[in-house]
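Text of coords_25.cif, listed as mmCIF, C-alpha atoms and all ligand atoms:
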data_my_file
loop_
_atom_site.group_PDB
_atom_site.id
_atom_site.type_symbol
_atom_site.label_atom_id
_atom_site.label_comp_id
_atom_site.auth_asym_id
_atom_site.auth_seq_id
_atom_site.Cartn_x
_atom_site.Cartn_y
_atom_site.Cartn_z
ATOM 1 C CA MET A 1 122.699 90.271 89.080
ATOM 2 C CA THR A 2 119.712 89.433 91.278
ATOM 3 C CA ASN A 3 116.343 88.572 89.743
ATOM 4 C CA PRO A 4 114.532 91.938 89.284
ATOM 5 C CA PHE A 5 111.159 90.192 89.618
ATOM 6 C CA ASP A 6 111.967 88.505 92.946
ATOM 7 C CA LEU A 7 109.446 89.495 95.645
ATOM 8 C CA GLY A 8 111.106 87.498 98.422
ATOM 9 C CA GLY A 9 110.662 89.032 101.894
ATOM 10 C CA GLN A 10 107.803 91.285 100.775
ATOM 11 C CA VAL A 11 104.195 91.273 101.928
ATOM 12 C CA ALA A 12 101.235 91.895 99.611
ATOM 13 C CA ILE A 13 97.610 92.677 100.356
ATOM 14 C CA VAL A 14 95.294 91.367 97.618
ATOM 15 C CA THR A 15 91.599 92.232 97.935
ATOM 16 C CA GLY A 16 88.978 89.864 96.541
ATOM 17 C CA ALA A 17 91.579 87.094 96.692
ATOM 18 C CA ASN A 18 89.210 84.132 97.045
ATOM 19 C CA THR A 19 88.430 83.730 93.349
ATOM 20 C CA GLY A 20 89.008 84.905 89.777
ATOM 21 C CA ILE A 21 91.606 87.533 88.996
ATOM 22 C CA GLY A 22 92.364 88.275 92.656
ATOM 23 C CA GLN A 23 93.166 84.657 93.440
ATOM 24 C CA SER A 24 95.349 84.365 90.372
ATOM 25 C CA ILE A 25 97.276 87.558 91.193
ATOM 26 C CA ALA A 26 97.739 86.494 94.826
ATOM 27 C CA LEU A 27 99.219 83.165 93.732
ATOM 28 C CA ALA A 28 101.464 84.781 91.090
ATOM 29 C CA LEU A 29 102.836 87.179 93.734
ATOM 30 C CA ALA A 30 103.324 84.220 96.086
ATOM 31 C CA ALA A 31 105.134 82.277 93.356
ATOM 32 C CA ALA A 32 107.436 85.296 92.939
ATOM 33 C CA GLY A 33 108.221 85.193 96.670
ATOM 34 C CA ALA A 34 105.713 87.466 98.432
ATOM 35 C CA ASP A 35 103.770 86.608 101.570
ATOM 36 C CA ILE A 36 100.049 87.220 101.118
ATOM 37 C CA ALA A 37 97.230 88.855 103.080
ATOM 38 C CA ALA A 38 94.120 87.552 101.305
ATOM 39 C CA VAL A 39 91.463 90.180 101.968
ATOM 40 C CA GLY A 40 87.743 89.842 101.326
ATOM 41 C CA ARG A 41 84.223 88.909 102.358
ATOM 42 C CA THR A 42 84.438 85.220 101.499
ATOM 43 C CA PRO A 43 87.402 83.648 103.343
ATOM 44 C CA ALA A 44 90.096 82.887 100.760
ATOM 45 C CA GLU A 45 90.921 79.481 102.213
ATOM 46 C CA GLU A 46 91.995 77.878 98.931
ATOM 47 C CA THR A 47 94.229 80.832 98.016
ATOM 48 C CA VAL A 48 95.902 80.796 101.417
ATOM 49 C CA ALA A 49 96.425 77.018 101.282
ATOM 50 C CA LYS A 50 97.983 77.245 97.802
ATOM 51 C CA ALA A 51 100.252 80.163 98.799
ATOM 52 C CA ARG A 52 101.416 78.195 101.844
ATOM 53 C CA ALA A 53 102.069 75.179 99.617
ATOM 54 C CA LEU A 54 104.457 77.453 97.685
ATOM 55 C CA GLY A 55 106.321 78.022 100.963
ATOM 56 C CA ARG A 56 104.926 81.483 101.685
ATOM 57 C CA LYS A 57 103.236 82.899 104.732
ATOM 58 C CA ALA A 58 99.598 83.631 103.934
ATOM 59 C CA GLU A 59 96.749 84.870 106.106
ATOM 60 C CA ILE A 60 93.065 85.590 105.657
ATOM 61 C CA VAL A 61 92.008 89.133 106.556
ATOM 62 C CA SER A 62 88.205 89.361 106.601
ATOM 63 C CA ALA A 63 86.712 92.605 105.332
ATOM 64 C CA ASP A 64 83.611 93.761 103.493
ATOM 65 C CA LEU A 65 84.845 96.633 101.324
ATOM 66 C CA SER A 66 81.377 97.920 100.455
ATOM 67 C CA THR A 67 82.194 100.552 103.106
ATOM 68 C CA ILE A 68 85.504 102.135 104.104
ATOM 69 C CA GLU A 69 85.029 101.133 107.735
ATOM 70 C CA PRO A 70 87.534 98.201 107.602
ATOM 71 C CA VAL A 71 90.330 99.764 105.502
ATOM 72 C CA GLN A 72 92.653 100.851 108.327
ATOM 73 C CA ARG A 73 92.128 97.517 110.112
ATOM 74 C CA VAL A 74 93.054 95.660 106.897
ATOM 75 C CA VAL A 75 96.428 97.425 106.859
ATOM 76 C CA ASP A 76 96.985 97.059 110.627
ATOM 77 C CA GLU A 77 95.961 93.386 110.666
ATOM 78 C CA THR A 78 98.229 92.600 107.700
ATOM 79 C CA ILE A 79 101.217 94.173 109.442
ATOM 80 C CA ALA A 80 100.328 92.451 112.746
ATOM 81 C CA LYS A 81 100.011 89.020 111.093
ATOM 82 C CA LEU A 82 102.754 89.212 108.461
ATOM 83 C CA GLY A 83 105.175 91.807 109.842
ATOM 84 C CA ARG A 84 105.195 94.412 107.065
ATOM 85 C CA LEU A 85 103.360 95.760 104.005
ATOM 86 C CA ASP A 86 105.020 96.390 100.647
ATOM 87 C CA ILE A 87 102.387 95.774 97.966
ATOM 88 C CA LEU A 88 98.670 96.580 97.738
ATOM 89 C CA VAL A 89 96.515 95.112 94.969
ATOM 90 C CA ASN A 90 93.037 96.647 94.880
ATOM 91 C CA ASN A 91 91.166 93.940 92.984
ATOM 92 C CA ALA A 92 87.762 93.536 94.716
ATOM 93 C CA GLY A 93 84.995 94.854 92.512
ATOM 94 C CA ILE A 94 81.371 94.448 91.494
ATOM 95 C CA ILE A 95 79.242 95.322 88.482
ATOM 96 C CA ARG A 96 75.532 96.205 88.120
ATOM 97 C CA ARG A 97 73.833 96.249 84.712
ATOM 98 C CA ALA A 98 70.811 98.323 83.623
ATOM 99 C CA ASP A 99 69.935 100.926 81.009
ATOM 100 C CA SER A 100 71.055 104.374 82.132
ATOM 101 C CA VAL A 101 67.457 105.665 81.972
ATOM 102 C CA ASP A 102 66.465 103.060 84.593
ATOM 103 C CA PHE A 103 69.632 102.972 86.685
ATOM 104 C CA THR A 104 68.965 103.170 90.437
ATOM 105 C CA GLU A 105 70.747 105.141 93.123
ATOM 106 C CA GLU A 106 71.309 101.877 94.990
ATOM 107 C CA ASP A 107 73.171 100.360 92.023
ATOM 108 C CA TRP A 108 75.129 103.568 91.590
ATOM 109 C CA ASP A 109 76.208 103.736 95.250
ATOM 110 C CA ALA A 110 76.960 100.015 95.619
ATOM 111 C CA VAL A 111 79.421 100.030 92.722
ATOM 112 C CA ILE A 112 81.029 103.390 93.448
ATOM 113 C CA ASP A 113 81.438 102.574 97.151
ATOM 114 C CA THR A 114 83.137 99.213 96.500
ATOM 115 C CA ASN A 115 85.055 99.906 93.285
ATOM 116 C CA LEU A 116 86.155 103.494 93.877
ATOM 117 C CA LYS A 117 85.649 104.815 97.419
ATOM 118 C CA SER A 118 87.115 101.793 99.205
ATOM 119 C CA VAL A 119 89.931 101.633 96.667
ATOM 120 C CA PHE A 120 90.926 105.239 97.358
ATOM 121 C CA PHE A 121 90.793 104.864 101.133
ATOM 122 C CA LEU A 122 92.715 101.594 101.055
ATOM 123 C CA CYS A 123 95.344 103.356 98.915
ATOM 124 C CA GLN A 124 95.372 106.109 101.533
ATOM 125 C CA ALA A 125 95.792 103.733 104.499
ATOM 126 C CA ALA A 126 98.487 101.649 102.764
ATOM 127 C CA GLY A 127 100.139 104.729 101.227
ATOM 128 C CA ARG A 128 100.460 106.456 104.609
ATOM 129 C CA HIS A 129 102.250 103.400 105.977
ATOM 130 C CA MET A 130 104.513 103.001 102.916
ATOM 131 C CA ILE A 131 105.447 106.712 102.861
ATOM 132 C CA ALA A 132 106.194 106.798 106.605
ATOM 133 C CA ARG A 133 108.397 103.719 106.306
ATOM 134 C CA HIS A 134 110.171 105.140 103.238
ATOM 135 C CA GLU A 135 110.950 108.346 105.145
ATOM 136 C CA LYS A 136 112.210 106.405 108.162
ATOM 137 C CA GLU A 137 114.166 103.528 106.648
ATOM 138 C CA GLY A 138 113.952 103.713 102.841
ATOM 139 C CA GLY A 139 112.354 100.941 100.839
ATOM 140 C CA ASN A 140 109.504 101.173 98.396
ATOM 141 C CA GLY A 141 105.768 100.636 98.252
ATOM 142 C CA ARG A 142 103.825 99.368 95.275
ATOM 143 C CA ILE A 143 100.120 99.914 94.660
ATOM 144 C CA ILE A 144 98.298 98.186 91.794
ATOM 145 C CA ASN A 145 94.662 99.007 91.090
ATOM 146 C CA ILE A 146 92.557 96.712 88.922
ATOM 147 C CA ALA A 147 90.906 98.867 86.284
ATOM 148 C CA SER A 148 89.095 97.704 83.112
ATOM 149 C CA MET A 149 88.712 98.318 79.384
ATOM 150 C CA LEU A 150 86.028 100.713 80.643
ATOM 151 C CA THR A 151 88.814 102.877 82.035
ATOM 152 C CA PHE A 152 89.337 103.771 78.359
ATOM 153 C CA GLN A 153 85.944 103.089 76.758
ATOM 154 C CA GLY A 154 82.309 103.845 77.526
ATOM 155 C CA GLY A 155 80.674 100.442 77.530
ATOM 156 C CA ILE A 156 76.903 100.109 77.679
ATOM 157 C CA ARG A 157 74.365 99.567 80.498
ATOM 158 C CA VAL A 158 77.058 99.789 83.203
ATOM 159 C CA PRO A 159 77.148 103.504 84.111
ATOM 160 C CA SER A 160 78.390 103.174 87.697
ATOM 161 C CA TYR A 161 80.968 100.545 86.695
ATOM 162 C CA THR A 162 82.306 102.731 83.876
ATOM 163 C CA ALA A 163 82.429 105.741 86.211
ATOM 164 C CA SER A 164 84.243 103.690 88.868
ATOM 165 C CA LYS A 165 86.832 102.211 86.482
ATOM 166 C CA SER A 166 87.369 105.513 84.713
ATOM 167 C CA GLY A 167 87.848 107.027 88.159
ATOM 168 C CA ILE A 168 90.425 104.348 88.987
ATOM 169 C CA GLY A 169 92.467 105.472 85.989
ATOM 170 C CA GLY A 170 92.444 109.089 87.159
ATOM 171 C CA LEU A 171 93.158 108.237 90.786
ATOM 172 C CA THR A 172 96.048 106.006 89.802
ATOM 173 C CA LYS A 173 97.666 108.899 87.951
ATOM 174 C CA LEU A 174 96.957 111.396 90.735
ATOM 175 C CA LEU A 175 98.423 109.173 93.453
ATOM 176 C CA ALA A 176 101.429 108.351 91.253
ATOM 177 C CA ASN A 177 102.021 112.091 90.917
ATOM 178 C CA GLU A 178 101.687 112.785 94.632
ATOM 179 C CA TRP A 179 103.736 109.814 95.852
ATOM 180 C CA ALA A 180 106.415 109.346 93.161
ATOM 181 C CA ALA A 181 109.041 111.126 95.261
ATOM 182 C CA LYS A 182 107.890 109.385 98.461
ATOM 183 C CA GLY A 183 108.920 105.869 97.478
ATOM 184 C CA VAL A 184 105.517 104.622 96.328
ATOM 185 C CA THR A 185 104.508 103.778 92.759
ATOM 186 C CA VAL A 186 100.841 103.537 91.808
ATOM 187 C CA ASN A 187 99.865 101.725 88.611
ATOM 188 C CA ALA A 188 96.808 99.933 87.287
ATOM 189 C CA ILE A 189 96.050 96.840 85.242
ATOM 190 C CA ALA A 190 93.141 96.945 82.815
ATOM 191 C CA PRO A 191 91.956 93.408 82.103
ATOM 192 C CA GLY A 192 90.046 92.702 78.917
ATOM 193 C CA TYR A 193 87.373 89.994 78.844
ATOM 194 C CA ILE A 194 88.456 87.432 81.459
ATOM 195 C CA ALA A 195 86.649 84.165 82.196
ATOM 196 C CA THR A 196 85.612 84.523 85.863
ATOM 197 C CA ASN A 197 82.365 84.401 87.896
ATOM 198 C CA ASN A 198 81.927 88.049 86.910
ATOM 199 C CA THR A 199 81.480 87.116 83.243
ATOM 200 C CA THR A 200 79.652 83.752 83.460
ATOM 201 C CA ALA A 201 76.384 85.261 82.183
ATOM 202 C CA LEU A 202 78.121 86.918 79.198
ATOM 203 C CA ARG A 203 79.763 83.639 78.209
ATOM 204 C CA ALA A 204 76.467 81.752 78.591
ATOM 205 C CA ASP A 205 74.738 84.105 76.099
ATOM 206 C CA GLU A 206 75.702 82.434 72.797
ATOM 207 C CA ALA A 207 75.241 85.461 70.519
ATOM 208 C CA ARG A 208 77.006 87.822 72.935
ATOM 209 C CA ASN A 209 79.839 85.367 73.475
ATOM 210 C CA ARG A 210 80.349 85.010 69.716
ATOM 211 C CA SER A 211 80.450 88.771 69.125
ATOM 212 C CA ILE A 212 82.933 89.228 71.987
ATOM 213 C CA LEU A 213 85.216 86.493 70.655
ATOM 214 C CA GLU A 214 85.084 87.950 67.134
ATOM 215 C CA ARG A 215 86.165 91.330 68.543
ATOM 216 C CA ILE A 216 89.139 90.038 70.589
ATOM 217 C CA PRO A 217 92.257 89.837 68.365
ATOM 218 C CA ALA A 218 93.555 86.881 70.415
ATOM 219 C CA GLY A 219 90.307 85.046 69.592
ATOM 220 C CA ARG A 220 89.795 83.762 73.132
ATOM 221 C CA TRP A 221 88.668 84.890 76.560
ATOM 222 C CA GLY A 222 91.471 85.790 78.933
ATOM 223 C CA ASP A 223 92.245 83.366 81.736
ATOM 224 C CA PRO A 224 92.699 84.793 85.262
ATOM 225 C CA GLU A 225 96.266 83.480 85.042
ATOM 226 C CA ASP A 226 96.929 85.915 82.185
ATOM 227 C CA LEU A 227 96.944 88.729 84.785
ATOM 228 C CA GLY A 228 99.565 87.324 87.165
ATOM 229 C CA GLY A 229 102.663 88.301 85.213
ATOM 230 C CA ALA A 230 101.581 91.931 84.848
ATOM 231 C CA ALA A 231 100.975 92.154 88.609
ATOM 232 C CA VAL A 232 104.353 90.604 89.446
ATOM 233 C CA PHE A 233 106.076 93.031 87.064
ATOM 234 C CA LEU A 234 104.359 96.128 88.498
ATOM 235 C CA ALA A 235 105.026 94.928 92.071
ATOM 236 C CA SER A 236 108.692 94.234 91.400
ATOM 237 C CA ARG A 237 111.950 96.158 91.424
ATOM 238 C CA ALA A 238 111.875 95.861 87.623
ATOM 239 C CA ALA A 239 109.026 98.386 87.534
ATOM 240 C CA GLY A 240 110.683 100.944 89.829
ATOM 241 C CA TYR A 241 110.470 103.687 87.170
ATOM 242 C CA VAL A 242 106.990 102.723 85.886
ATOM 243 C CA ASN A 243 104.442 105.001 87.520
ATOM 244 C CA GLY A 244 100.888 106.190 86.857
ATOM 245 C CA HIS A 245 100.506 103.648 84.059
ATOM 246 C CA VAL A 246 97.373 101.680 83.176
ATOM 247 C CA LEU A 247 98.556 98.411 81.616
ATOM 248 C CA ALA A 248 95.992 96.705 79.391
ATOM 249 C CA VAL A 249 96.023 92.901 79.494
ATOM 250 C CA ASP A 250 93.325 92.349 76.906
ATOM 251 C CA GLY A 251 94.423 89.990 74.113
ATOM 252 C CA GLY A 252 94.784 93.047 71.873
ATOM 253 C CA TRP A 253 91.233 94.436 72.420
ATOM 254 C CA LEU A 254 92.360 98.077 72.544
ATOM 255 C CA ALA A 255 94.619 97.662 69.537
ATOM 256 C CA ARG A 256 91.650 96.923 67.321
HETATM 257 P P1 LIG A 301 84.828 87.972 90.562
HETATM 258 O O1 LIG A 301 83.393 88.333 90.645
HETATM 259 O O2 LIG A 301 85.238 86.586 90.169
HETATM 260 O O3 LIG A 301 85.579 88.358 91.910
HETATM 261 C C1 LIG A 301 85.350 89.594 92.526
HETATM 262 C C2 LIG A 301 86.067 89.613 93.847
HETATM 263 O O4 LIG A 301 85.758 90.828 94.523
HETATM 264 C C3 LIG A 301 85.615 88.480 94.752
HETATM 265 O O5 LIG A 301 86.701 88.003 95.503
HETATM 266 C C4 LIG A 301 84.621 89.175 95.650
HETATM 267 O O6 LIG A 301 84.423 88.552 96.898
HETATM 268 C C5 LIG A 301 85.305 90.520 95.822
HETATM 269 N N1 LIG A 301 84.365 91.504 96.356
HETATM 270 C C6 LIG A 301 83.253 91.985 95.779
HETATM 271 N N2 LIG A 301 82.630 92.829 96.612
HETATM 272 C C7 LIG A 301 83.364 92.872 97.744
HETATM 273 C C8 LIG A 301 83.235 93.545 98.968
HETATM 274 N N3 LIG A 301 82.207 94.353 99.245
HETATM 275 N N4 LIG A 301 84.178 93.359 99.921
HETATM 276 C C9 LIG A 301 85.218 92.529 99.690
HETATM 277 N N5 LIG A 301 85.399 91.860 98.549
HETATM 278 C C10 LIG A 301 84.472 92.017 97.587
HETATM 279 O O7 LIG A 301 85.433 89.028 89.526
HETATM 280 P P2 LIG A 301 86.766 89.108 88.684
HETATM 281 O O8 LIG A 301 87.829 88.241 89.233
HETATM 282 O O9 LIG A 301 86.374 88.991 87.275
HETATM 283 O O10 LIG A 301 87.097 90.638 88.923
HETATM 284 C C11 LIG A 301 88.156 91.111 89.717
HETATM 285 C C12 LIG A 301 88.419 92.555 89.350
HETATM 286 O O11 LIG A 301 88.734 92.624 87.959
HETATM 287 C C13 LIG A 301 87.207 93.481 89.560
HETATM 288 O O12 LIG A 301 87.643 94.721 90.047
HETATM 289 C C14 LIG A 301 86.632 93.611 88.152
HETATM 290 O O13 LIG A 301 85.925 94.800 87.979
HETATM 291 C C15 LIG A 301 87.910 93.593 87.340
HETATM 292 N N6 LIG A 301 87.714 93.252 85.931
HETATM 293 C C16 LIG A 301 87.249 92.016 85.559
HETATM 294 C C17 LIG A 301 87.065 91.736 84.218
HETATM 295 C C18 LIG A 301 86.588 90.404 83.726
HETATM 296 O O14 LIG A 301 86.367 90.264 82.498
HETATM 297 N N7 LIG A 301 86.412 89.400 84.562
HETATM 298 C C19 LIG A 301 87.350 92.737 83.161
HETATM 299 C C20 LIG A 301 87.832 93.985 83.683
HETATM 300 C C21 LIG A 301 87.988 94.233 85.011
HETATM 301 P P3 LIG A 301 83.145 87.616 97.155
HETATM 302 O O15 LIG A 301 83.456 86.317 96.454
HETATM 303 O O16 LIG A 301 83.084 87.488 98.624
HETATM 304 O O17 LIG A 301 81.956 88.332 96.561
#
Could I get this structure in the form of structure tokens?
Amino acid sequence: MTNPFDLGGQVAIVTGANTGIGQSIALALAAAGADIAAVGRTPAEETVAKARALGRKAEIVSADLSTIEPVQRVVDETIAKLGRLDILVNNAGIIRRADSVDFTEEDWDAVIDTNLKSVFFLCQAAGRHMIARHEKEGGNGRIINIASMLTFQGGIRVPSYTASKSGIGGLTKLLANEWAAKGVTVNAIAPGYIATNNTTALRADEARNRSILERIPAGRWGDPEDLGGAAVFLASRAAGYVNGHVLAVDGGWLAR
């Protein structure tokens, strides 16, 4: 029996691959055999170097996903540089914090455009390619969207973020429905509290940090590396019948 988690010969796009969760997922996919298109604003030089050190092909694809202007180019450039596209991980995301009574249109649009609009249109561009290839020569596509605990919960002082991540949950299910019979699965990963640049300020606030740690059953912040295995699973042949699922990787947060 061949290893059901082997991603050898496959090509993955990972957005926001220069740091944090995106970098960790890119390197986990590379360790499982995939070649990597590291997409983002800041060139993911370290990620690409580490993926190459694992013996994979890896390329930087520059794109600012605060608009949908680059999404088709991201797909085309990945296929031009790496020869194919099998896996899309929509990881790039931002957060803006303010009380809802004071929340600005700018902070609303910035988060929704990056976290939701670009995610949908990147799914569309990659999905069109994966479906066309499936119809022509078989084979499967895998899309993994990075959601959040706020896909399931309300949160506080992050209205556009909660709307975007809640929207990711719905979109993931809708696309899974539409594309299940077309060779493409669409799932999401909902990280809990993960120690990245995104959460530096939360960890620096002693009282906040303590209350977060008391609430996490695992009793610790997640490490970006905690997300890699879930991404490899959802990208792999092993997850061929897993579709429209939002997989929490949260140290038990939702179980509480
Ligand atoms: P980081 O802030 O460490 O990384 C975010 C990544 O997104 C960076 O690579 C960043 O690139 C990229 N990005 C942001 N805006 C754009 C843009 N306009 N165009 C292209 N790339 C962009 O965050 P995390 O690693 O923590 O977060 C990754 C994902 O995980 C996000 O979707 C986040 O919402 C989600 N998440 C994180 C949690 C956590 O606790 N950390 C919890 C739940 C969900 P650049 O460096 O150039 O800005």
Test item: residues at most 9 Å from A:Arg157, all atoms listed in the file, excluding those fewer than 5 positions along its chain, as a PDB file with C-alpha atoms, in the coordinates of the input:
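Saved result, result23.pdb, follows:
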ATOM      1  CA  ARG A  96      75.532  96.205  88.120  1.00  0.00           C
ATOM      2  CA  ARG A  97      73.833  96.249  84.712  1.00  0.00           C
ATOM      3  CA  ALA A  98      70.811  98.323  83.623  1.00  0.00           C
ATOM      4  CA  ASP A  99      69.935 100.926  81.009  1.00  0.00           C
ATOM      5  CA  SER A 100      71.055 104.374  82.132  1.00  0.00           C
ATOM      6  CA  PHE A 103      69.632 102.972  86.685  1.00  0.00           C
TER       7      PHE A 103
END
* Place a sphere of radius 12 Å on (113.6, 105.0, 99.7) in the file coordinates and name every protein, DNA or RNA residue with an atom inside or on its surface, counting only C-alpha atoms; give the answer as number ranges by chain. => A: 130-141, 179-185, 240
* Asked: Within 9 Å of (93.3, 84.6, 79.6), all atoms listed in the file: residues as number ranges by chain?
  -> A: 192-195, 220-227, 249-251
Same residues, C-alpha atoms, output as a PDB file, in the coordinates of the input:
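New file again.pdb:
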ATOM      1  CA  GLY A 192      90.046  92.702  78.917  1.00  0.00           C
ATOM      2  CA  TYR A 193      87.373  89.994  78.844  1.00  0.00           C
ATOM      3  CA  ILE A 194      88.456  87.432  81.459  1.00  0.00           C
ATOM      4  CA  ALA A 195      86.649  84.165  82.196  1.00  0.00           C
ATOM      5  CA  ARG A 220      89.795  83.762  73.132  1.00  0.00           C
ATOM      6  CA  TRP A 221      88.668  84.890  76.560  1.00  0.00           C
ATOM      7  CA  GLY A 222      91.471  85.790  78.933  1.00  0.00           C
ATOM      8  CA  ASP A 223      92.245  83.366  81.736  1.00  0.00           C
ATOM      9  CA  PRO A 224      92.699  84.793  85.262  1.00  0.00           C
ATOM     10  CA  GLU A 225      96.266  83.480  85.042  1.00  0.00           C
ATOM     11  CA  ASP A 226      96.929  85.915  82.185  1.00  0.00           C
ATOM     12  CA  LEU A 227      96.944  88.729  84.785  1.00  0.00           C
ATOM     13  CA  VAL A 249      96.023  92.901  79.494  1.00  0.00           C
ATOM     14  CA  ASP A 250      93.325  92.349  76.906  1.00  0.00           C
ATOM     15  CA  GLY A 251      94.423  89.990  74.113  1.00  0.00           C
TER      16      GLY A 251
END
* Residues returned when the PyMOL selection byres (((chain A and resi 153) around 12) and not hetatm) runs on this file, as a ChimeraX atom specification -> /A:147-152,154-156,158-159,161-163,165-166,169,190,192,253-254
Report as a CSV table (one decimal) with C-alpha atoms, in the frame of the given file the full result of the PyMOL selection byres (((chain A and resi 13-21) around 6) and not hetatm) when it is applied to this structure.
chain,number,residue,atom,x,y,z
A,12,ALA,CA,101.2,91.9,99.6
A,22,GLY,CA,92.4,88.3,92.7
A,23,GLN,CA,93.2,84.7,93.4
A,24,SER,CA,95.3,84.4,90.4
A,37,ALA,CA,97.2,88.9,103.1
A,38,ALA,CA,94.1,87.6,101.3
A,39,VAL,CA,91.5,90.2,102.0
A,40,GLY,CA,87.7,89.8,101.3
A,44,ALA,CA,90.1,82.9,100.8
A,88,LEU,CA,98.7,96.6,97.7
A,89,VAL,CA,96.5,95.1,95.0
A,90,ASN,CA,93.0,96.6,94.9
A,91,ASN,CA,91.2,93.9,93.0
A,92,ALA,CA,87.8,93.5,94.7
A,196,THR,CA,85.6,84.5,85.9
A,224,PRO,CA,92.7,84.8,85.3
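Among A:Gly170, A:Gly228, A:Gly93, A:Pro217, the residue with the shortest atom-to-atom distance to ligand LIG 301 (chain A), counting only C-alpha atoms and all ligand atoms, is A:Gly93.
Atom to atom, atom CA of A:Lys81 and atom CA of A:Asp113 stand 26.9 Å apart.
What the PyMOL selection byres (((chain A and resi 187) around 6) and not hetatm) matches in the given file is Ile144, Thr172, Val186, Ala188, Asn243, Gly244, His245 and Val246 of chain A.
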Keeping C-alpha atoms for every residue in the selection just given, could you write it to a file as a PDB file, keeping the file's coordinate frame?
ATOM      1  CA  ILE A 144      98.298  98.186  91.794  1.00  0.00           C
ATOM      2  CA  THR A 172      96.048 106.006  89.802  1.00  0.00           C
ATOM      3  CA  VAL A 186     100.841 103.537  91.808  1.00  0.00           C
ATOM      4  CA  ALA A 188      96.808  99.933  87.287  1.00  0.00           C
ATOM      5  CA  ASN A 243     104.442 105.001  87.520  1.00  0.00           C
ATOM      6  CA  GLY A 244     100.888 106.190  86.857  1.00  0.00           C
ATOM      7  CA  HIS A 245     100.506 103.648  84.059  1.00  0.00           C
ATOM      8  CA  VAL A 246      97.373 101.680  83.176  1.00  0.00           C
TER       9      VAL A 246
END
* Asked: Which residues, written as a PyMOL selection string, have at least one atom at most 7 Å from A:Gln10, with all atoms listed in the file counted and residues fewer than 3 positions away on the same chain left out?
  -> chain A and resi 7+34-35+86
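Minimum atom-to-atom distance to A:Leu54, evaluated using only C-alpha atoms, belongs to A:Ala26 out of A:Val71, A:Ala26, A:Ala126, A:Ala80.
Reported to one decimal place, the separation of atom CA of A:Ala239 from atom CA of A:Gly252 is 21.8 Å.
Pairwise distance (atom C2 of ligand LIG 301 (chain A), atom CA of A:Val111) equals 12.4 Å.
You can rank A:Ile189, A:Ile146, A:Ala49, A:Leu234 by their closest distance to ligand LIG 301 (chain A) using all atoms listed in the file, and at the top of that list sits A:Ile146.
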* From A:Ser211, A:Thr42, A:Asn3, A:Ser62, residue lying nearest ligand LIG 301 (chain A) [only C-alpha atoms and all ligand atoms] -> A:Thr42
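The residue that comes closest to A:Ser164, out of A:Ala230, A:Leu116, A:Ala31, A:Val242 and on the basis of all atoms listed in the file, is A:Leu116.
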Can I get stretch 30-42 of chain A with N, CA and C atoms filled in, as a PDB file, keeping the file's coordinate frame?
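Contents of part-v6.pdb, freshly written:
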ATOM      1  N   ALA A  30     102.746  85.217  95.173  1.00  0.00           N
ATOM      2  CA  ALA A  30     103.324  84.220  96.086  1.00  0.00           C
ATOM      3  C   ALA A  30     104.406  83.412  95.366  1.00  0.00           C
ATOM      4  N   ALA A  31     104.136  83.040  94.118  1.00  0.00           N
ATOM      5  CA  ALA A  31     105.134  82.277  93.356  1.00  0.00           C
ATOM      6  C   ALA A  31     106.415  83.090  93.160  1.00  0.00           C
ATOM      7  N   ALA A  32     106.265  84.424  93.096  1.00  0.00           N
ATOM      8  CA  ALA A  32     107.436  85.296  92.939  1.00  0.00           C
ATOM      9  C   ALA A  32     108.113  85.587  94.283  1.00  0.00           C
ATOM     10  N   GLY A  33     107.540  85.085  95.376  1.00  0.00           N
ATOM     11  CA  GLY A  33     108.221  85.193  96.670  1.00  0.00           C
ATOM     12  C   GLY A  33     107.492  85.958  97.762  1.00  0.00           C
ATOM     13  N   ALA A  34     106.375  86.609  97.434  1.00  0.00           N
ATOM     14  CA  ALA A  34     105.713  87.466  98.432  1.00  0.00           C
ATOM     15  C   ALA A  34     104.838  86.654  99.386  1.00  0.00           C
ATOM     16  N   ASP A  35     104.774  87.106 100.629  1.00  0.00           N
ATOM     17  CA  ASP A  35     103.770  86.608 101.570  1.00  0.00           C
ATOM     18  C   ASP A  35     102.465  87.365 101.308  1.00  0.00           C
ATOM     19  N   ILE A  36     101.335  86.714 101.608  1.00  0.00           N
ATOM     20  CA  ILE A  36     100.049  87.220 101.118  1.00  0.00           C
ATOM     21  C   ILE A  36      99.031  87.417 102.239  1.00  0.00           C
ATOM     22  N   ALA A  37      98.436  88.617 102.282  1.00  0.00           N
ATOM     23  CA  ALA A  37      97.230  88.855 103.080  1.00  0.00           C
ATOM     24  C   ALA A  37      96.054  88.806 102.106  1.00  0.00           C
ATOM     25  N   ALA A  38      95.244  87.763 102.221  1.00  0.00           N
ATOM     26  CA  ALA A  38      94.120  87.552 101.305  1.00  0.00           C
ATOM     27  C   ALA A  38      92.873  88.192 101.919  1.00  0.00           C
ATOM     28  N   VAL A  39      92.499  89.345 101.360  1.00  0.00           N
ATOM     29  CA  VAL A  39      91.463  90.180 101.968  1.00  0.00           C
ATOM     30  C   VAL A  39      90.142  89.995 101.237  1.00  0.00           C
ATOM     31  N   GLY A  40      89.044  89.870 101.978  1.00  0.00           N
ATOM     32  CA  GLY A  40      87.743  89.842 101.326  1.00  0.00           C
ATOM     33  C   GLY A  40      86.616  89.419 102.235  1.00  0.00           C
ATOM     34  N   ARG A  41      85.429  89.339 101.626  1.00  0.00           N
ATOM     35  CA  ARG A  41      84.223  88.909 102.358  1.00  0.00           C
ATOM     36  C   ARG A  41      84.243  87.409 102.551  1.00  0.00           C
ATOM     37  N   THR A  42      84.419  86.681 101.436  1.00  0.00           N
ATOM     38  CA  THR A  42      84.438  85.220 101.499  1.00  0.00           C
ATOM     39  C   THR A  42      85.857  84.785 101.854  1.00  0.00           C
TER      40      THR A  42
END
